[in-house]
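S.K.: Sharing a structure with you now.
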Amino acid sequence: MKKIQDFRVKEYRWLNETGYLLTLYSDLKIEPVLPGNFAEIQVPGTPEVFLRRPISVFDADYENRSITFYIKVAGKGTKKLGELNQGTIVNIIYPLGNSFTVNGSKNVLVVGGGSGIAPFVLLADELKKKNIKTTFLFGARTKKEIVLTREFGRLGKVWVTTEDGSLGEQGLVTQHTVFKDILTFDKIYSCGSDPMMKAVAKIAGENRIDCEVSLENMMACGIGACLCCVTETTSGNKCVCTDGPVFNSKELAWQI
Amino acid sequence: MADLTVKIKDLVLKNPVTTASGTFGFGEEFADFIDLNLLGGIFVKGLTLKPREGNDYPRMAETASGMLNAVGLQNKGIGYFISDIYPRIKDLDTEIIPNVNGSTIEEYVEVAEKLNEVEGINAIELNISCPNVKEGGMAFGVSCPSAIAVTDAIRKVYDKTLIVKLTPNVTDITEIAKGVEVAGADAVSLVNTFLAMAIDSKTRKPVLSTVTGGLSGPAIKPIALRMVWQVYHAVKIPVIGIGGIMNATDAIEFMLAGATAIQVGTANFIDPQVSVKIIEGIEAYCKEHNISSVSELTGALENR
Ligand SMILES: Cc1cc2nc3c(=O)[nH]c(=O)nc-3n(C[C@H](O)[C@H](O)[C@H](O)COP(=O)(O)OP(=O)(O)OC[C@H]3O[C@@H](n4cnc5c(N)ncnc54)[C@H](O)[C@@H]3O)c2cc1C
Ligand SMILES: Cc1cc2nc3c(=O)[nH]c(=O)nc-3n(C[C@H](O)[C@H](O)[C@H](O)COP(=O)(O)O)c2cc1C
Ligand code: FES
């Protein structure tokens with residue numbers, strides 16, 4: 001069930017100048033969160049930020065009643081969320097959206113760029129539980145933007161590409177050598193910029209590999225009420241906030 | 001406790017707080033957050049005769065104290081509403097009020113005729129004010145003769161309470177209000193969104209796929225309040241106030257300006273429980289000011 005709940009700022013862990021992990025805690029119990037689910041966060045104390053901001057759940061700790069987000073500063077709201085004092089009340093609506101499907105595969109490739117790596121810790125936990133072998137491929141412009149490789153390294157092999165070659169292979173994610181062996185994978189998950197996901201989905205399609213992508217359309221309500229967040233699918237416009245954010249790439253119109 | 005019921009012709013609302021079309025889905029979307037039975041009414045998402053896919057993404061942009069939308073009346077059509085959606089919400093103890101749209105008078109009329117037959121639906125809201133569709137919509141609401149023509153045509157086929165929703169994108173909203181009153185409207189609701197625009201200076205492109213869209217939220221409240229006040233003094237039929245209502249104080253201001261009831265729109269996105277908080281706030285206000293019936297507030301604005 002969707003819930004609106006007050007949390008408090010517990011701690012920050014800054015990963016570079018513009019990326020941080022924000023952990024919130026609550027006195028109440030935490031609702032069960034699935035990999036791919038997101039929250040609509042009300043940015044406190046900033047009248048300039050009118051609407052809530054959709055952010056994927058990075059991790060949830062049910063015992064300690066805390067929930068963590070990986071946030072990359074994109075503008076005023078994500079900047080402000082990085083500047084709150086410990087104990088500040090943050091109101092969130094969660095868990096929202098659908099989740100990645102985890103079943104039947106043996107060897108999966110997880111491709112992320114930018115803040116798109118956010119849903120992959122919960123996903124990889126789930127894959128690990130099911131003994132599904134996981135390989136991560138993360139892309140960024142430069143070394144500084146590649147974060148959390150140690151955390152992901154515990155859950156699978158991590159490959160990296162940077163556009164300037166400062167870490168891992170040089171180039172775009174889809175140019176990485178891991179794609180030479182693409183047929184060894186039976187499932188691809190991807191989250192990041194639209195061009196990146198489109199390129200990944202194209203490769204998946206060409207090789208007939210099942211591919212799920214998580215979209216980051218702009219949202220007003222996050223709960224299916226406003227119809228602002230739609231993406232075109234093979235069966236008409238669908239809401240990214242309720243029918244997604246995870247879609248099988250075959251369903252999306254941009255695949256055609 | 002104050003009597004919170006209000007009457008709009010034959011439509012009785014248990015309190016003046018309703019939710020605005022397009023901002024509250026079909027109500028169900030909010031069932032996890034509030035008891036829908038507490039609401040005075042739910043104006044459901046705009047309906048058309050045939051299914052519509054709406055406009056391309058991007059359909060929204062955040063602006064100072066508000067937002068633009070260009071949804072373009074995406075819906076599955078009146079037939080689907082009556083057969084599949086309405087049965088799921090019909091037993092709610094609140095008034096379900098469909099928002100009727102069309103690109104021609106004939107389409108409007110056909111939708112209204114179908115809704116006239118539906119038991120349990122006691123009112124419709126005729127939307128002649130949508131700024132986000134190419135044909136119909138606001139085009140009907142910006143000129144007096146066409147607003148009158150569509151209201152008149154619907155009045156002939158619809159026997160229950162007919163509310164006409166007005167656009168603020170006109171030189172004189174009172175002229176349109178008076179026109180639809182003469183044509184048989186039982187009430188007017190105002191305002192719909194203001195035609196507006198957002199530009200991304202980095203890409204030098206409009207933010208919305210449609211270039212222009214409709215502005216809603218607290219940014220429009222003072223203008224909406226002024227229009228409600230003007231229309232209240234221009235017509236005899238009840239006025240439903242809409243525009244940037246975020247809390248009970250805003251709602252009470254609209255009632256003092258002349259609104260019999262109010263609709264909460266964009267605020268639902270920020271706080272899905274806000275509608276119920278507004279009911280509680282109005283109740284508290286009545287208690288504090290010794291008001292026995294909330295309808296006493298309507299038009300109770302005093303001279304300066
Ligand atoms: C389901 C979902 C999950 C998301 N998960 C995460 C996450 O885990 N971590 C994270 O850092 N970000 C995530 N995002 C993106 C995040 O919501 C946006 O970056 C944020 O809303 C921007 O707000 P702002 O106030 O900082 O930027 P604004 O000041 O509002 O805008 C700054 C710039 O960012 C662009 N922008 C605004 N909203 C979005 C958006 N939704 N997508 C892409 N660009 C946008 C604007 O066009 C503008 O150019 C997610 C988005 C969605 C829809
Ligand atoms: C996303 C969105 C969709 C809307 N869809 C409709 C609609 O289908 N029909 C309609 O009459 N008004 C529609 N409106 C207008 C609202 O009902 C309301 O008149 C307007 O938003 C002003 O009120 P507010 O400032 O409280 O939001 C929509 C508004 C928004 C923000
Ligand atoms: S954001 Fe409102 S419907 Fe998806």
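Numbering starts fresh at 1 for the residues of each chain in the structure tokens, the chains themselves are lettered A, B, ... in the order given, and ligands are numbered from 1 as they appear.
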Which residues come within 8 Å of range 165-175 of chain A, counting only C-alpha atoms, excluding same-chain residues fewer than 2 positions away, as a list in words?

M.R.: Val111, Leu137, Phe138, Gly139, Ala140, Thr142, Lys143, Trp159, Val160, Thr161, Thr162, Glu163, Thr177, Phe179, Met196, Ala199 and Val200 of chain A

S.K.: How would the residues just chosen look if you wrote them out with N, CA and C atoms as an mmCIF file, in the first residue's frame?

M.R.:
```
data_model
loop_
_atom_site.group_PDB
_atom_site.id
_atom_site.type_symbol
_atom_site.label_atom_id
_atom_site.label_comp_id
_atom_site.auth_asym_id
_atom_site.auth_seq_id
_atom_site.Cartn_x
_atom_site.Cartn_y
_atom_site.Cartn_z
ATOM 1 N N VAL A 111 23.024 -2.395 -16.712
ATOM 2 C CA VAL A 111 23.720 -1.258 -17.305
ATOM 3 C C VAL A 111 23.169 0.041 -16.725
ATOM 4 N N LEU A 137 27.629 -2.869 -15.551
ATOM 5 C CA LEU A 137 28.390 -2.016 -16.447
ATOM 6 C C LEU A 137 27.916 -0.585 -16.215
ATOM 7 N N PHE A 138 28.829 0.253 -15.710
ATOM 8 C CA PHE A 138 28.461 1.637 -15.416
ATOM 9 C C PHE A 138 29.222 2.601 -16.307
ATOM 10 N N GLY A 139 28.519 3.587 -16.804
ATOM 11 C CA GLY A 139 29.159 4.568 -17.670
ATOM 12 C C GLY A 139 29.005 5.974 -17.130
ATOM 13 N N ALA A 140 30.013 6.804 -17.399
ATOM 14 C CA ALA A 140 29.948 8.210 -17.013
ATOM 15 C C ALA A 140 30.887 8.998 -17.906
ATOM 16 N N THR A 142 33.340 10.945 -16.745
ATOM 17 C CA THR A 142 34.685 10.919 -16.202
ATOM 18 C C THR A 142 34.733 10.138 -14.889
ATOM 19 N N LYS A 143 35.946 9.775 -14.482
ATOM 20 C CA LYS A 143 36.209 8.943 -13.310
ATOM 21 C C LYS A 143 35.431 9.358 -12.056
ATOM 22 N N TRP A 159 32.083 -3.544 -14.389
ATOM 23 C CA TRP A 159 32.834 -2.947 -15.491
ATOM 24 C C TRP A 159 32.485 -1.471 -15.584
ATOM 25 N N VAL A 160 33.446 -0.703 -16.072
ATOM 26 C CA VAL A 160 33.253 0.738 -16.126
ATOM 27 C C VAL A 160 33.692 1.285 -17.478
ATOM 28 N N THR A 161 32.935 2.278 -17.969
ATOM 29 C CA THR A 161 33.426 3.046 -19.118
ATOM 30 C C THR A 161 33.345 4.523 -18.766
ATOM 31 N N THR A 162 34.311 5.285 -19.243
ATOM 32 C CA THR A 162 34.221 6.741 -19.126
ATOM 33 C C THR A 162 34.489 7.333 -20.501
ATOM 34 N N GLU A 163 33.792 8.456 -20.743
ATOM 35 C CA GLU A 163 33.934 9.065 -22.070
ATOM 36 C C GLU A 163 35.347 9.593 -22.283
ATOM 37 N N THR A 177 33.558 -3.683 -24.221
ATOM 38 C CA THR A 177 33.827 -5.023 -24.775
ATOM 39 C C THR A 177 32.879 -6.097 -24.231
ATOM 40 N N PHE A 179 29.914 -6.159 -24.422
ATOM 41 C CA PHE A 179 28.872 -6.391 -25.427
ATOM 42 C C PHE A 179 29.310 -7.371 -26.522
ATOM 43 N N MET A 196 21.061 6.455 -23.650
ATOM 44 C CA MET A 196 21.769 5.251 -23.233
ATOM 45 C C MET A 196 20.834 4.044 -23.202
ATOM 46 N N ALA A 199 19.998 2.865 -26.660
ATOM 47 C CA ALA A 199 21.099 2.136 -27.298
ATOM 48 C C ALA A 199 21.206 0.722 -26.733
ATOM 49 N N VAL A 200 21.041 0.606 -25.418
ATOM 50 C CA VAL A 200 21.105 -0.713 -24.782
ATOM 51 C C VAL A 200 19.939 -1.581 -25.266
#
```

S.K.: Which polymer residues have any atom within 7 Å of an atom of Leu215 in chain B, counting only C-alpha atoms, with same-chain residues fewer than 5 positions away left out, as a ChimeraX atom specification?

M.R.: /B:66-69,193-196

S.K.: Can you tell me which residues surround Glu175 in chain B at a distance of at most 10 Å, considering only C-alpha atoms, apart from same-chain residues fewer than 6 positions away, and format the answer as a JSON list (two decimals) with N, CA and C atoms, in the first residue's frame?

M.R.:
```json
[["chain", "number", "residue", "atom", "x", "y", "z"],
["B", 143, "SER", "N", -15.71, 32.44, -26.52],
["B", 143, "SER", "CA", -16.65, 33.37, -27.15],
["B", 143, "SER", "C", -18.04, 33.13, -26.60],
["B", 144, "CYS", "N", -18.74, 34.22, -26.38],
["B", 144, "CYS", "CA", -20.05, 34.12, -25.76],
["B", 144, "CYS", "C", -21.04, 33.29, -26.60],
["B", 181, "GLU", "N", -25.55, 31.23, -18.03],
["B", 181, "GLU", "CA", -26.68, 31.26, -17.09],
["B", 181, "GLU", "C", -28.01, 31.34, -17.86],
["B", 231, "VAL", "N", -17.79, 37.14, -10.84],
["B", 231, "VAL", "CA", -18.88, 36.33, -11.39],
["B", 231, "VAL", "C", -20.01, 36.20, -10.36],
["B", 234, "ALA", "N", -22.23, 38.88, -10.79],
["B", 234, "ALA", "CA", -22.83, 39.04, -12.12],
["B", 234, "ALA", "C", -23.96, 38.05, -12.39],
["B", 235, "VAL", "N", -23.97, 36.92, -11.67],
["B", 235, "VAL", "CA", -24.99, 35.89, -11.95],
["B", 235, "VAL", "C", -25.75, 35.52, -10.68]]
```

S.K.: Using only C-alpha atoms and all ligand atoms, find each protein or nucleic acid residue lying at most 6 Å from ligand 1; present the set as a PDB file with all heavy atoms, in the first residue's frame.

M.R.:
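Saved the output as part05.pdb:
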```
ATOM      1  N   PHE A  38       9.956   3.705  -6.391  1.00  0.00           N
ATOM      2  CA  PHE A  38      10.497   5.029  -6.085  1.00  0.00           C
ATOM      3  C   PHE A  38       9.637   5.720  -5.034  1.00  0.00           C
ATOM      4  O   PHE A  38       8.606   5.188  -4.611  1.00  0.00           O
ATOM      5  CB  PHE A  38      10.619   5.868  -7.359  1.00  0.00           C
ATOM      6  CG  PHE A  38       9.312   6.263  -7.985  1.00  0.00           C
ATOM      7  CD1 PHE A  38       8.753   7.504  -7.747  1.00  0.00           C
ATOM      8  CD2 PHE A  38       8.630   5.385  -8.835  1.00  0.00           C
ATOM      9  CE1 PHE A  38       7.551   7.874  -8.332  1.00  0.00           C
ATOM     10  CE2 PHE A  38       7.426   5.751  -9.428  1.00  0.00           C
ATOM     11  CZ  PHE A  38       6.889   6.994  -9.174  1.00  0.00           C
ATOM     12  N   ARG A  53       9.668  15.478  -5.645  1.00  0.00           N
ATOM     13  CA  ARG A  53      10.656  14.963  -6.588  1.00  0.00           C
ATOM     14  C   ARG A  53      10.684  13.436  -6.531  1.00  0.00           C
ATOM     15  O   ARG A  53      10.811  12.858  -5.443  1.00  0.00           O
ATOM     16  CB  ARG A  53      12.049  15.510  -6.239  1.00  0.00           C
ATOM     17  CG  ARG A  53      12.190  17.022  -6.452  1.00  0.00           C
ATOM     18  CD  ARG A  53      12.002  17.397  -7.901  1.00  0.00           C
ATOM     19  NE  ARG A  53      12.337  18.787  -8.199  1.00  0.00           N
ATOM     20  CZ  ARG A  53      11.449  19.758  -8.355  1.00  0.00           C
ATOM     21  NH1 ARG A  53      10.164  19.514  -8.220  1.00  0.00           N
ATOM     22  NH2 ARG A  53      11.843  20.977  -8.668  1.00  0.00           N
ATOM     23  N   PRO A  54      10.567  12.782  -7.711  1.00  0.00           N
ATOM     24  CA  PRO A  54      10.615  11.319  -7.730  1.00  0.00           C
ATOM     25  C   PRO A  54      12.061  10.821  -7.641  1.00  0.00           C
ATOM     26  O   PRO A  54      12.907  11.244  -8.427  1.00  0.00           O
ATOM     27  CB  PRO A  54      10.018  10.964  -9.103  1.00  0.00           C
ATOM     28  CG  PRO A  54      10.253  12.173  -9.960  1.00  0.00           C
ATOM     29  CD  PRO A  54      10.328  13.366  -9.053  1.00  0.00           C
ATOM     30  N   ILE A  55      12.326   9.961  -6.694  1.00  0.00           N
ATOM     31  CA  ILE A  55      13.673   9.417  -6.499  1.00  0.00           C
ATOM     32  C   ILE A  55      13.542   7.921  -6.187  1.00  0.00           C
ATOM     33  O   ILE A  55      12.744   7.525  -5.331  1.00  0.00           O
ATOM     34  CB  ILE A  55      14.401  10.124  -5.321  1.00  0.00           C
ATOM     35  CG1 ILE A  55      14.469  11.653  -5.517  1.00  0.00           C
ATOM     36  CG2 ILE A  55      15.787   9.527  -5.100  1.00  0.00           C
ATOM     37  CD1 ILE A  55      15.451  12.155  -6.559  1.00  0.00           C
ATOM     38  N   SER A  56      14.341   7.105  -6.859  1.00  0.00           N
ATOM     39  CA  SER A  56      14.302   5.656  -6.637  1.00  0.00           C
ATOM     40  C   SER A  56      14.772   5.331  -5.226  1.00  0.00           C
ATOM     41  O   SER A  56      15.619   6.032  -4.670  1.00  0.00           O
ATOM     42  CB  SER A  56      15.250   4.942  -7.597  1.00  0.00           C
ATOM     43  OG  SER A  56      14.945   5.293  -8.917  1.00  0.00           O
ATOM     44  N   TYR A  70      20.017   7.447  -3.445  1.00  0.00           N
ATOM     45  CA  TYR A  70      21.220   7.949  -4.109  1.00  0.00           C
ATOM     46  C   TYR A  70      20.775   9.083  -5.015  1.00  0.00           C
ATOM     47  O   TYR A  70      19.995   8.880  -5.950  1.00  0.00           O
ATOM     48  CB  TYR A  70      21.900   6.837  -4.929  1.00  0.00           C
ATOM     49  CG  TYR A  70      22.942   7.373  -5.889  1.00  0.00           C
ATOM     50  CD1 TYR A  70      23.945   8.228  -5.427  1.00  0.00           C
ATOM     51  CD2 TYR A  70      22.907   7.076  -7.239  1.00  0.00           C
ATOM     52  CE1 TYR A  70      24.886   8.752  -6.291  1.00  0.00           C
ATOM     53  CE2 TYR A  70      23.848   7.599  -8.121  1.00  0.00           C
ATOM     54  CZ  TYR A  70      24.827   8.443  -7.641  1.00  0.00           C
ATOM     55  OH  TYR A  70      25.745   8.977  -8.501  1.00  0.00           O
ATOM     56  N   ILE A  71      21.255  10.278  -4.721  1.00  0.00           N
ATOM     57  CA  ILE A  71      20.772  11.455  -5.438  1.00  0.00           C
ATOM     58  C   ILE A  71      21.925  12.179  -6.124  1.00  0.00           C
ATOM     59  O   ILE A  71      22.983  12.378  -5.533  1.00  0.00           O
ATOM     60  CB  ILE A  71      20.044  12.414  -4.457  1.00  0.00           C
ATOM     61  CG1 ILE A  71      18.832  11.696  -3.840  1.00  0.00           C
ATOM     62  CG2 ILE A  71      19.594  13.685  -5.184  1.00  0.00           C
ATOM     63  CD1 ILE A  71      18.122  12.467  -2.756  1.00  0.00           C
ATOM     64  N   LYS A  72      21.687  12.524  -7.363  1.00  0.00           N
ATOM     65  CA  LYS A  72      22.646  13.338  -8.108  1.00  0.00           C
ATOM     66  C   LYS A  72      22.042  14.722  -8.272  1.00  0.00           C
ATOM     67  O   LYS A  72      20.879  14.848  -8.667  1.00  0.00           O
ATOM     68  CB  LYS A  72      22.879  12.723  -9.495  1.00  0.00           C
ATOM     69  CG  LYS A  72      24.245  12.066  -9.617  1.00  0.00           C
ATOM     70  CD  LYS A  72      24.468  11.620 -11.045  1.00  0.00           C
ATOM     71  CE  LYS A  72      25.038  12.745 -11.868  1.00  0.00           C
ATOM     72  NZ  LYS A  72      26.406  12.700 -12.204  1.00  0.00           N
ATOM     73  N   VAL A  73      22.798  15.748  -7.972  1.00  0.00           N
ATOM     74  CA  VAL A  73      22.264  17.101  -8.070  1.00  0.00           C
ATOM     75  C   VAL A  73      21.987  17.422  -9.534  1.00  0.00           C
ATOM     76  O   VAL A  73      22.887  17.386 -10.370  1.00  0.00           O
ATOM     77  CB  VAL A  73      23.244  18.133  -7.468  1.00  0.00           C
ATOM     78  CG1 VAL A  73      22.715  19.549  -7.668  1.00  0.00           C
ATOM     79  CG2 VAL A  73      23.477  17.849  -5.991  1.00  0.00           C
ATOM     80  N   ALA A  74      20.710  17.694  -9.830  1.00  0.00           N
ATOM     81  CA  ALA A  74      20.309  18.019 -11.206  1.00  0.00           C
ATOM     82  C   ALA A  74      19.798  19.449 -11.279  1.00  0.00           C
ATOM     83  O   ALA A  74      19.817  20.074 -12.327  1.00  0.00           O
ATOM     84  CB  ALA A  74      19.221  17.064 -11.683  1.00  0.00           C
ATOM     85  N   GLY A  75      19.366  19.974 -10.146  1.00  0.00           N
ATOM     86  CA  GLY A  75      18.766  21.313 -10.116  1.00  0.00           C
ATOM     87  C   GLY A  75      18.474  21.692  -8.677  1.00  0.00           C
ATOM     88  O   GLY A  75      19.071  21.157  -7.742  1.00  0.00           O
ATOM     89  N   LYS A  76      17.494  22.594  -8.515  1.00  0.00           N
ATOM     90  CA  LYS A  76      17.279  23.172  -7.193  1.00  0.00           C
ATOM     91  C   LYS A  76      16.806  22.171  -6.141  1.00  0.00           C
ATOM     92  O   LYS A  76      17.246  22.211  -4.993  1.00  0.00           O
ATOM     93  CB  LYS A  76      16.336  24.371  -7.273  1.00  0.00           C
ATOM     94  CG  LYS A  76      15.077  24.141  -8.103  1.00  0.00           C
ATOM     95  CD  LYS A  76      14.378  25.457  -8.388  1.00  0.00           C
ATOM     96  CE  LYS A  76      13.060  25.247  -9.111  1.00  0.00           C
ATOM     97  NZ  LYS A  76      13.127  24.509 -10.389  1.00  0.00           N
ATOM     98  N   GLY A  77      15.929  21.254  -6.529  1.00  0.00           N
ATOM     99  CA  GLY A  77      15.378  20.316  -5.545  1.00  0.00           C
ATOM    100  C   GLY A  77      16.418  19.321  -5.060  1.00  0.00           C
ATOM    101  O   GLY A  77      16.586  19.104  -3.851  1.00  0.00           O
ATOM    102  N   THR A  78      17.137  18.717  -5.985  1.00  0.00           N
ATOM    103  CA  THR A  78      18.142  17.728  -5.605  1.00  0.00           C
ATOM    104  C   THR A  78      19.321  18.398  -4.885  1.00  0.00           C
ATOM    105  O   THR A  78      20.001  17.763  -4.088  1.00  0.00           O
ATOM    106  CB  THR A  78      18.625  16.962  -6.847  1.00  0.00           C
ATOM    107  OG1 THR A  78      18.871  17.887  -7.900  1.00  0.00           O
ATOM    108  CG2 THR A  78      17.586  15.954  -7.307  1.00  0.00           C
ATOM    109  N   LYS A  79      19.526  19.683  -5.145  1.00  0.00           N
ATOM    110  CA  LYS A  79      20.580  20.405  -4.415  1.00  0.00           C
ATOM    111  C   LYS A  79      20.143  20.596  -2.957  1.00  0.00           C
ATOM    112  O   LYS A  79      20.871  20.279  -2.027  1.00  0.00           O
ATOM    113  CB  LYS A  79      20.818  21.764  -5.083  1.00  0.00           C
ATOM    114  CG  LYS A  79      21.867  22.620  -4.413  1.00  0.00           C
ATOM    115  CD  LYS A  79      22.288  23.765  -5.342  1.00  0.00           C
ATOM    116  CE  LYS A  79      23.390  24.599  -4.721  1.00  0.00           C
ATOM    117  NZ  LYS A  79      22.895  25.470  -3.646  1.00  0.00           N
ATOM    118  N   SER A 115      22.467   8.900 -12.304  1.00  0.00           N
ATOM    119  CA  SER A 115      21.683   8.492 -11.142  1.00  0.00           C
ATOM    120  C   SER A 115      20.959   7.178 -11.421  1.00  0.00           C
ATOM    121  O   SER A 115      20.308   6.615 -10.547  1.00  0.00           O
ATOM    122  CB  SER A 115      20.685   9.575 -10.764  1.00  0.00           C
ATOM    123  OG  SER A 115      19.681   9.672 -11.755  1.00  0.00           O
ATOM    124  N   ALA A 118      20.799   3.999  -9.204  1.00  0.00           N
ATOM    125  CA  ALA A 118      20.091   4.001  -7.919  1.00  0.00           C
ATOM    126  C   ALA A 118      19.264   2.747  -7.632  1.00  0.00           C
ATOM    127  O   ALA A 118      19.325   2.219  -6.526  1.00  0.00           O
ATOM    128  CB  ALA A 118      19.236   5.257  -7.798  1.00  0.00           C
ATOM    129  N   GLU A 216      12.758   7.709 -16.400  1.00  0.00           N
ATOM    130  CA  GLU A 216      12.752   8.823 -15.440  1.00  0.00           C
ATOM    131  C   GLU A 216      11.992  10.017 -15.995  1.00  0.00           C
ATOM    132  O   GLU A 216      12.497  11.132 -16.027  1.00  0.00           O
ATOM    133  CB  GLU A 216      14.189   9.203 -15.066  1.00  0.00           C
ATOM    134  CG  GLU A 216      14.916   8.108 -14.312  1.00  0.00           C
ATOM    135  CD  GLU A 216      16.150   8.598 -13.569  1.00  0.00           C
ATOM    136  OE1 GLU A 216      16.613   9.710 -13.855  1.00  0.00           O
ATOM    137  OE2 GLU A 216      16.639   7.847 -12.714  1.00  0.00           O
ATOM    138  N   ASN A 217      10.776   9.788 -16.449  1.00  0.00           N
ATOM    139  CA  ASN A 217       9.974  10.903 -16.967  1.00  0.00           C
ATOM    140  C   ASN A 217       9.628  11.897 -15.870  1.00  0.00           C
ATOM    141  O   ASN A 217       9.520  11.530 -14.700  1.00  0.00           O
ATOM    142  CB  ASN A 217       8.673  10.371 -17.580  1.00  0.00           C
ATOM    143  CG  ASN A 217       8.905   9.743 -18.931  1.00  0.00           C
ATOM    144  OD1 ASN A 217      10.050   9.492 -19.308  1.00  0.00           O
ATOM    145  ND2 ASN A 217       7.839   9.491 -19.658  1.00  0.00           N
ATOM    146  N   MET A 218       9.453  13.136 -16.272  1.00  0.00           N
ATOM    147  CA  MET A 218       9.073  14.149 -15.293  1.00  0.00           C
ATOM    148  C   MET A 218       7.662  13.875 -14.785  1.00  0.00           C
ATOM    149  O   MET A 218       6.788  13.486 -15.542  1.00  0.00           O
ATOM    150  CB  MET A 218       9.170  15.530 -15.921  1.00  0.00           C
ATOM    151  CG  MET A 218      10.612  15.973 -16.047  1.00  0.00           C
ATOM    152  SD  MET A 218      10.737  17.645 -16.602  1.00  0.00           S
ATOM    153  CE  MET A 218      10.426  17.425 -18.343  1.00  0.00           C
ATOM    154  N   PRO A 245       7.961   2.591 -13.149  1.00  0.00           N
ATOM    155  CA  PRO A 245       8.916   3.109 -14.136  1.00  0.00           C
ATOM    156  C   PRO A 245       9.595   2.026 -14.983  1.00  0.00           C
ATOM    157  O   PRO A 245      10.225   2.332 -15.966  1.00  0.00           O
ATOM    158  CB  PRO A 245       9.959   3.838 -13.269  1.00  0.00           C
ATOM    159  CG  PRO A 245       9.899   3.151 -11.935  1.00  0.00           C
ATOM    160  CD  PRO A 245       8.470   2.737 -11.767  1.00  0.00           C
TER     161      PRO A 245
END
```

S.K.: Select all residues from chain A having any atom no more than 8 Å from an atom of chain B (counting only C-alpha atoms, ignoring ligands), output as a list in words.

M.R.: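 My answer is Met1, Lys2, Lys3, Ile4, Gln42, Pro47, Glu48, Val49, Phe50, Leu51, Arg52, Met218, Met219, Ala220, Cys221, Gly222, Ile223, Gly224, Ala225, Cys226, Leu227, Cys228, Cys229, Val230, Thr231, Gly236 and Asn237 of chain A.
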
S.K.: Would you give me, as a PyMOL selection string, the residues in range 55-275 of chain B that DSSP reads as strand (DSSP E or B)?

M.R.: chain B and resi 60-63+66-69+75+95-100+123-127+161-165+187-190+194-197+199-200+205-206+212-216+239-242+259-264

S.K.: Using only C-alpha atoms, determine which residues lie at most 7 Å from range 152-156 of chain B, disregarding the query and same-chain residues fewer than 6 positions distant; provide the list as a list in words.

M.R.: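 Those residues are Val109, Ala112, Ala183 and Gly184 of chain B.
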
S.K.: Using only N, CA, C and O atoms, please write the residues we just selected to a file, as a compact mmCIF listing (two decimals), in the first residue's frame.

M.R.:
```
# COMPACT_ATOMS: atom_id res chain seq x y z
N VAL B 109 -22.91 16.73 -26.71
CA VAL B 109 -24.29 16.33 -26.47
C VAL B 109 -24.39 14.82 -26.27
O VAL B 109 -25.08 14.34 -25.37
N ALA B 112 -23.17 13.88 -22.86
CA ALA B 112 -24.13 14.30 -21.84
C ALA B 112 -25.37 13.41 -21.83
O ALA B 112 -25.89 13.04 -20.77
N ALA B 183 -28.43 30.45 -20.87
CA ALA B 183 -28.59 29.23 -21.68
C ALA B 183 -28.99 28.02 -20.84
O ALA B 183 -29.20 26.93 -21.37
N GLY B 184 -29.06 28.18 -19.52
CA GLY B 184 -29.60 27.10 -18.70
C GLY B 184 -28.63 26.42 -17.76
O GLY B 184 -28.97 25.39 -17.16
```

S.K.: Hey, which of B:Ile34, B:Ile82, B:Met1, B:Ile245 ends up closest to ligand 2? Count only C-alpha atoms and all ligand atoms.

M.R.: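 Closest to ligand 2 of all the choices is B:Ile245.
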
S.K.: Within 12 Å of range 4-9 of chain B, counting only C-alpha atoms, which residues show up once you throw out same-chain ones fewer than 5 positions away? Write them as an MDAnalysis selection string, please.

M.R.: chainID B and resid 14:18 38:41 94:95 122:124 159:163 184:189 236:240 255 259:262 279:287 291:298

S.K.: Just list as a PyMOL selection string whatever in range 18-241 of chain A DSSP marks as helix (DSSP H, G or I).

M.R.: chain A and resi 76-80+114-117+120-129+143-145+149-153+173-175+177-184+194-206

S.K.: With a distance cut-off of 6 Å and only C-alpha atoms, select the neighbouring residues of Val100 in chain B, excluding the residue or stretch itself and same-chain residues fewer than 2 positions from it, and output the selection as a compact mmCIF listing (two decimals) with all heavy atoms, in the first residue's frame.

M.R.:
```
# COMPACT_ATOMS: atom_id res chain seq x y z
N GLY B 46 -11.44 14.48 -17.17
CA GLY B 46 -12.20 14.86 -18.36
C GLY B 46 -12.48 13.68 -19.29
O GLY B 46 -11.60 12.88 -19.58
N LEU B 47 -13.74 13.59 -19.73
CA LEU B 47 -14.17 12.48 -20.60
C LEU B 47 -14.58 13.00 -21.96
O LEU B 47 -15.14 14.09 -22.08
CB LEU B 47 -15.37 11.77 -19.96
CG LEU B 47 -15.13 11.16 -18.58
CD1 LEU B 47 -16.46 10.82 -17.93
CD2 LEU B 47 -14.26 9.92 -18.70
N GLU B 125 -20.12 18.35 -15.17
CA GLU B 125 -19.40 19.62 -15.34
C GLU B 125 -19.02 19.71 -16.81
O GLU B 125 -18.28 18.86 -17.32
CB GLU B 125 -18.15 19.66 -14.47
CG GLU B 125 -17.36 20.95 -14.62
CD GLU B 125 -16.15 21.03 -13.70
OE1 GLU B 125 -15.32 20.09 -13.72
OE2 GLU B 125 -16.04 22.01 -12.94
N LEU B 126 -19.54 20.72 -17.46
CA LEU B 126 -19.28 20.90 -18.88
C LEU B 126 -18.01 21.73 -19.03
O LEU B 126 -17.95 22.88 -18.60
CB LEU B 126 -20.50 21.64 -19.45
CG LEU B 126 -20.48 22.11 -20.88
CD1 LEU B 126 -20.30 20.93 -21.82
CD2 LEU B 126 -21.80 22.82 -21.18
N ASN B 127 -16.98 21.08 -19.61
CA ASN B 127 -15.68 21.77 -19.71
C ASN B 127 -15.57 22.47 -21.06
O ASN B 127 -15.31 21.83 -22.06
CB ASN B 127 -14.56 20.73 -19.52
CG ASN B 127 -13.18 21.36 -19.58
OD1 ASN B 127 -13.05 22.58 -19.58
ND2 ASN B 127 -12.16 20.52 -19.63
```
